[in-house]
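Accompanying notes for the structure given below.
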Amino acid sequence: MLTVIVTGSNRGIGLEYAKQYAKDGARVYACCRRPEKAGELLALAQANSDRVTVHPLEVTNDGQIAALKAVVGDAPVDILINNAGVYGADDQDLGACDESKWLETFRINTIAPYKMIATFADNVARSRKKTIVGMTSKMGSMDDNSSGGYYIYRSSKAALNAVLKSAAVDLQPREIIVLTLHPGWVKTAMGGPGALITTTRSVTNLRKIIDNATLADSGKFFQNDGAEVPW
Ligand SMILES: NC(=O)c1ccc[n+]([C@@H]2O[C@H](COP(=O)([O-])OP(=O)(O)OC[C@H]3O[C@@H](n4cnc5c(N)ncnc54)[C@H](OP(=O)(O)O)[C@@H]3O)[C@@H](O)[C@H]2O)c1
């Protein structure tokens, strides 16, 4: 049985990961910052009470990361999915970025995944799949940036990419696969109604990448259809 941790699993792409892995029979630690408001996720956990549990996790809260680690203990974790993320601020034009919002976005999008990886690397190393996923965005790619702007979101995801690349190098001796994944432009609160694909399609494709990944893929940046994204 696969064991999976998903952050930000109460809605959007994270909820879809929790649903699909639950359907496949996995043990899912489904994390979100306000479990009492996570109706759909709580229903999923209730319907799969032997395998799906919901855990409070505001990803910038070190105490809650430690509390999750205490619950997981030494159990193997096959797939750690760092999904929780924010766009950052409505206005991200040159000269308009709010510094405190920028720093908070870094805490959520960049530093929290680093802390989660450091905390759960031992659990991942003990598993069969040995996989860590970071949900990034092509908005963090230098190569893809032809339209400018979006300083807060772009820089937080570019920095996340650097975190994931370093983790791939550092964890390579332990045979841990670290994947940097772009989900596509997905119909969620963040992606908006004009987005191109559903969470179902996005996550179905992302899971194929995760399923088929080998250590040779660690440290690479993939988009939803499996193609590599230039950094
Ligand atoms: N949708 C797209 O087109 C798209 C494209 C590229 C990359 N991505 C990335 O994919 C990931 C998921 O995006 P999405 O579209 O599903 O976004 P979403 O619908 O806005 O959902 C974001 C999730 O992250 C959680 N979250 C935000 N801040 C958090 C924090 N401080 N602690 C814990 N959880 C927090 C949210 O929880 P609350 O409900 O409590 O706010 C929610 O569960 C993000 O990392 C995003 O950057 C999305």
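A note on labels: chains of the structure tokens are A, B, ... as shown, every chain counts residues from 1, and ligands are counted from 1 in their shown order.
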Using only C-alpha atoms and all ligand atoms, which residues have at least one atom no more than 7 Å from ligand 1? Output them as a PyMOL selection string.
chain A and resi 7-14+32-34+57-60+83-87+108-109+135-138+182-191+195
Could you please take those selected residues and save N, CA and C atoms as a short mmCIF file (atom, residue, chain, number, x, y, z; two decimals), in the first residue's frame?
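So again-v6.cif came out as:
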data_model
loop_
_atom_site.label_atom_id
_atom_site.label_comp_id
_atom_site.auth_asym_id
_atom_site.auth_seq_id
_atom_site.Cartn_x
_atom_site.Cartn_y
_atom_site.Cartn_z
N THR A 7 -0.02 18.34 1.03
CA THR A 7 -0.33 19.61 1.70
C THR A 7 -1.35 20.38 0.87
N GLY A 8 -2.15 21.21 1.55
CA GLY A 8 -3.17 22.00 0.84
C GLY A 8 -4.17 21.11 0.15
N SER A 9 -4.66 20.07 0.87
CA SER A 9 -5.48 19.05 0.20
C SER A 9 -6.98 19.28 0.37
N ASN A 10 -7.38 20.45 0.83
CA ASN A 10 -8.82 20.70 1.03
C ASN A 10 -9.53 21.17 -0.22
N ARG A 11 -8.79 21.62 -1.23
CA ARG A 11 -9.45 22.09 -2.47
C ARG A 11 -8.44 22.04 -3.61
N GLY A 12 -8.96 22.30 -4.81
CA GLY A 12 -8.09 22.42 -5.98
C GLY A 12 -7.30 21.15 -6.28
N ILE A 13 -6.08 21.35 -6.71
CA ILE A 13 -5.22 20.24 -7.15
C ILE A 13 -4.91 19.30 -5.97
N GLY A 14 -4.72 19.86 -4.79
CA GLY A 14 -4.41 19.03 -3.62
C GLY A 14 -5.54 18.09 -3.26
N CYS A 32 -4.36 20.18 5.69
CA CYS A 32 -4.93 21.47 5.31
C CYS A 32 -4.94 22.38 6.53
N ARG A 33 -5.04 23.69 6.28
CA ARG A 33 -4.88 24.58 7.44
C ARG A 33 -6.14 24.72 8.28
N ARG A 34 -7.32 24.45 7.71
CA ARG A 34 -8.55 24.56 8.51
C ARG A 34 -9.41 23.31 8.31
N LEU A 57 -2.52 21.59 9.05
CA LEU A 57 -1.17 22.00 8.67
C LEU A 57 -1.19 23.33 7.93
N GLU A 58 -0.94 24.39 8.68
CA GLU A 58 -0.58 25.68 8.09
C GLU A 58 0.92 25.52 7.82
N VAL A 59 1.31 25.52 6.54
CA VAL A 59 2.67 25.06 6.21
C VAL A 59 3.77 25.99 6.74
N THR A 60 3.41 27.21 7.14
CA THR A 60 4.43 28.10 7.72
C THR A 60 4.55 27.92 9.24
N ASN A 83 2.14 20.65 -2.17
CA ASN A 83 1.18 21.26 -3.10
C ASN A 83 0.71 22.64 -2.68
N ALA A 84 0.58 22.87 -1.37
CA ALA A 84 0.03 24.15 -0.88
C ALA A 84 0.80 25.31 -1.49
N GLY A 85 0.06 26.32 -1.94
CA GLY A 85 0.72 27.47 -2.53
C GLY A 85 -0.23 28.63 -2.67
N VAL A 86 0.33 29.80 -2.80
CA VAL A 86 -0.48 31.01 -3.00
C VAL A 86 0.07 31.78 -4.20
N TYR A 87 -0.82 32.60 -4.75
CA TYR A 87 -0.43 33.46 -5.87
C TYR A 87 0.31 34.69 -5.34
N ILE A 108 5.43 30.54 2.27
CA ILE A 108 4.49 29.47 1.89
C ILE A 108 5.02 28.65 0.71
N ASN A 109 5.39 29.34 -0.36
CA ASN A 109 5.71 28.65 -1.62
C ASN A 109 7.12 28.05 -1.66
N MET A 135 5.04 21.16 -6.25
CA MET A 135 4.16 21.74 -7.27
C MET A 135 4.64 23.16 -7.54
N THR A 136 5.28 23.30 -8.70
CA THR A 136 5.80 24.60 -9.09
C THR A 136 4.92 25.16 -10.21
N SER A 137 5.46 26.06 -10.99
CA SER A 137 4.73 26.64 -12.11
C SER A 137 5.73 27.03 -13.19
N LYS A 138 5.26 26.98 -14.42
CA LYS A 138 6.11 27.49 -15.51
C LYS A 138 6.37 28.98 -15.33
N HIS A 182 4.91 21.07 -13.04
CA HIS A 182 3.97 22.12 -13.43
C HIS A 182 2.64 21.45 -13.79
N PRO A 183 1.54 21.84 -13.13
CA PRO A 183 0.28 21.09 -13.33
C PRO A 183 -0.49 21.43 -14.59
N GLY A 184 -0.02 22.41 -15.37
CA GLY A 184 -0.84 22.95 -16.46
C GLY A 184 -1.58 24.16 -15.93
N TRP A 185 -2.42 24.76 -16.79
CA TRP A 185 -3.26 25.87 -16.33
C TRP A 185 -4.60 25.24 -15.95
N VAL A 186 -4.85 25.16 -14.64
CA VAL A 186 -5.89 24.28 -14.10
C VAL A 186 -7.04 25.09 -13.50
N LYS A 187 -8.26 24.61 -13.75
CA LYS A 187 -9.48 25.28 -13.24
C LYS A 187 -9.60 25.08 -11.73
N THR A 188 -9.03 26.02 -10.99
CA THR A 188 -9.12 26.03 -9.52
C THR A 188 -9.34 27.49 -9.13
N ALA A 189 -9.39 27.74 -7.81
CA ALA A 189 -9.50 29.14 -7.37
C ALA A 189 -8.30 29.93 -7.90
N MET A 190 -7.12 29.32 -7.88
CA MET A 190 -5.94 30.03 -8.36
C MET A 190 -5.93 30.15 -9.88
N GLY A 191 -6.23 29.07 -10.57
CA GLY A 191 -6.18 29.08 -12.03
C GLY A 191 -7.31 29.89 -12.66
N ALA A 195 -9.24 28.76 -17.08
CA ALA A 195 -8.10 27.84 -17.21
C ALA A 195 -8.42 26.73 -18.21
#
Which of stretch 171-227 of chain A fall in helix (DSSP H, G or I), as a JSON list (two decimals) with C-alpha atoms, in the first residue's frame:
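Contents of out_31.json, freshly written:
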[["chain", "number", "residue", "atom", "x", "y", "z"],
["A", 171, "LEU", "CA", 19.01, 13.15, -1.50],
["A", 172, "GLN", "CA", 20.38, 11.31, -4.55],
["A", 173, "PRO", "CA", 22.68, 9.10, -2.39],
["A", 174, "ARG", "CA", 19.54, 7.93, -0.55],
["A", 199, "THR", "CA", -8.05, 19.08, -11.75],
["A", 200, "THR", "CA", -8.97, 15.51, -12.74],
["A", 201, "ARG", "CA", -7.04, 15.70, -15.98],
["A", 202, "SER", "CA", -4.12, 17.55, -14.42],
["A", 203, "VAL", "CA", -3.65, 15.15, -11.53],
["A", 204, "THR", "CA", -4.24, 12.05, -13.68],
["A", 205, "ASN", "CA", -1.35, 13.19, -15.88],
["A", 206, "LEU", "CA", 0.86, 14.25, -12.96],
["A", 207, "ARG", "CA", 0.36, 10.86, -11.31],
["A", 208, "LYS", "CA", 1.56, 9.15, -14.50],
["A", 209, "ILE", "CA", 4.78, 11.16, -14.26],
["A", 210, "ILE", "CA", 5.13, 10.28, -10.56],
["A", 211, "ASP", "CA", 4.36, 6.59, -11.19],
["A", 212, "ASN", "CA", 6.90, 6.25, -13.98],
["A", 215, "LEU", "CA", 16.15, 8.28, -10.13],
["A", 216, "ALA", "CA", 17.30, 9.52, -13.56],
["A", 217, "ASP", "CA", 14.32, 11.94, -13.52]]
Using only C-alpha atoms, which residues sit within 12 Å of A:Tyr21 once same-chain residues fewer than 3 positions away are excluded, as number ranges by chain?
A: 1-6, 9, 14-18, 24-30, 44-45, 48, 51-52, 78-79, 81, 200, 203-204, 206-207, 210-211
Restricted to N, CA and C atoms, what would the selected residues look like written as a short mmCIF file (atom, residue, chain, number, x, y, z; two decimals), in the first residue's frame?
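To be explicit, this is the file written out as result_37.cif:
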data_model
loop_
_atom_site.label_atom_id
_atom_site.label_comp_id
_atom_site.auth_asym_id
_atom_site.auth_seq_id
_atom_site.Cartn_x
_atom_site.Cartn_y
_atom_site.Cartn_z
N MET A 1 0.85 -1.20 0.00
CA MET A 1 0.00 0.00 0.00
C MET A 1 0.89 1.25 0.00
N LEU A 2 0.58 2.18 -0.92
CA LEU A 2 1.34 3.44 -0.96
C LEU A 2 0.94 4.34 0.20
N THR A 3 1.89 5.08 0.73
CA THR A 3 1.59 6.11 1.72
C THR A 3 1.95 7.47 1.12
N VAL A 4 1.00 8.40 1.23
CA VAL A 4 1.16 9.70 0.57
C VAL A 4 0.84 10.81 1.57
N ILE A 5 1.65 11.87 1.56
CA ILE A 5 1.32 13.11 2.30
C ILE A 5 1.03 14.18 1.26
N VAL A 6 -0.09 14.88 1.43
CA VAL A 6 -0.42 15.99 0.51
C VAL A 6 -0.70 17.24 1.35
N SER A 9 -4.66 20.07 0.87
CA SER A 9 -5.48 19.05 0.20
C SER A 9 -6.98 19.28 0.37
N GLY A 14 -4.72 19.86 -4.79
CA GLY A 14 -4.41 19.03 -3.62
C GLY A 14 -5.54 18.09 -3.26
N LEU A 15 -6.78 18.58 -3.32
CA LEU A 15 -7.94 17.72 -3.04
C LEU A 15 -8.01 16.59 -4.06
N GLU A 16 -7.73 16.92 -5.32
CA GLU A 16 -7.78 15.89 -6.37
C GLU A 16 -6.70 14.83 -6.15
N TYR A 17 -5.50 15.25 -5.74
CA TYR A 17 -4.47 14.25 -5.40
C TYR A 17 -5.00 13.32 -4.29
N ALA A 18 -5.58 13.91 -3.24
CA ALA A 18 -6.08 13.10 -2.12
C ALA A 18 -7.15 12.12 -2.61
N ASP A 24 -7.25 4.78 -5.20
CA ASP A 24 -6.32 3.70 -5.54
C ASP A 24 -5.92 2.85 -4.33
N GLY A 25 -6.47 3.18 -3.16
CA GLY A 25 -6.19 2.35 -1.99
C GLY A 25 -5.01 2.79 -1.16
N ALA A 26 -4.51 4.02 -1.40
CA ALA A 26 -3.33 4.48 -0.65
C ALA A 26 -3.70 4.92 0.77
N ARG A 27 -2.69 4.94 1.64
CA ARG A 27 -2.80 5.57 2.95
C ARG A 27 -2.49 7.05 2.73
N VAL A 28 -3.44 7.93 3.01
CA VAL A 28 -3.25 9.35 2.69
C VAL A 28 -3.27 10.19 3.98
N TYR A 29 -2.20 10.93 4.21
CA TYR A 29 -2.19 11.95 5.24
C TYR A 29 -2.57 13.25 4.52
N ALA A 30 -3.84 13.63 4.66
CA ALA A 30 -4.36 14.79 3.92
C ALA A 30 -4.28 16.01 4.82
N LEU A 44 -14.28 12.62 2.38
CA LEU A 44 -13.38 11.62 1.79
C LEU A 44 -12.76 10.76 2.91
N ALA A 45 -12.35 11.43 3.98
CA ALA A 45 -11.73 10.71 5.10
C ALA A 45 -12.74 9.79 5.78
N ASN A 48 -13.29 6.69 3.84
CA ASN A 48 -12.10 5.81 3.78
C ASN A 48 -11.38 5.87 5.12
N ARG A 51 -7.91 4.52 6.02
CA ARG A 51 -6.69 4.88 5.29
C ARG A 51 -6.47 6.38 5.10
N VAL A 52 -7.53 7.18 5.20
CA VAL A 52 -7.39 8.62 4.92
C VAL A 52 -7.65 9.41 6.19
N ASP A 78 5.81 7.04 0.87
CA ASP A 78 6.21 6.81 -0.52
C ASP A 78 6.28 8.10 -1.32
N ILE A 79 5.27 8.98 -1.13
CA ILE A 79 5.20 10.20 -1.95
C ILE A 79 4.83 11.38 -1.05
N ILE A 81 3.90 15.17 -1.26
CA ILE A 81 3.49 16.15 -2.28
C ILE A 81 3.36 17.53 -1.64
N THR A 200 -9.02 16.97 -12.47
CA THR A 200 -8.97 15.51 -12.74
C THR A 200 -7.93 15.20 -13.80
N VAL A 203 -4.22 16.08 -12.51
CA VAL A 203 -3.65 15.15 -11.53
C VAL A 203 -3.48 13.75 -12.12
N THR A 204 -4.40 13.35 -13.00
CA THR A 204 -4.24 12.05 -13.68
C THR A 204 -2.91 12.03 -14.42
N LEU A 206 -0.27 14.10 -13.90
CA LEU A 206 0.86 14.25 -12.96
C LEU A 206 1.17 12.91 -12.29
N ARG A 207 0.13 12.15 -11.97
CA ARG A 207 0.36 10.86 -11.31
C ARG A 207 1.07 9.88 -12.24
N ILE A 210 4.65 10.76 -11.87
CA ILE A 210 5.13 10.28 -10.56
C ILE A 210 5.31 8.75 -10.60
N ASP A 211 4.31 8.06 -11.14
CA ASP A 211 4.36 6.59 -11.19
C ASP A 211 5.57 6.09 -11.96
#
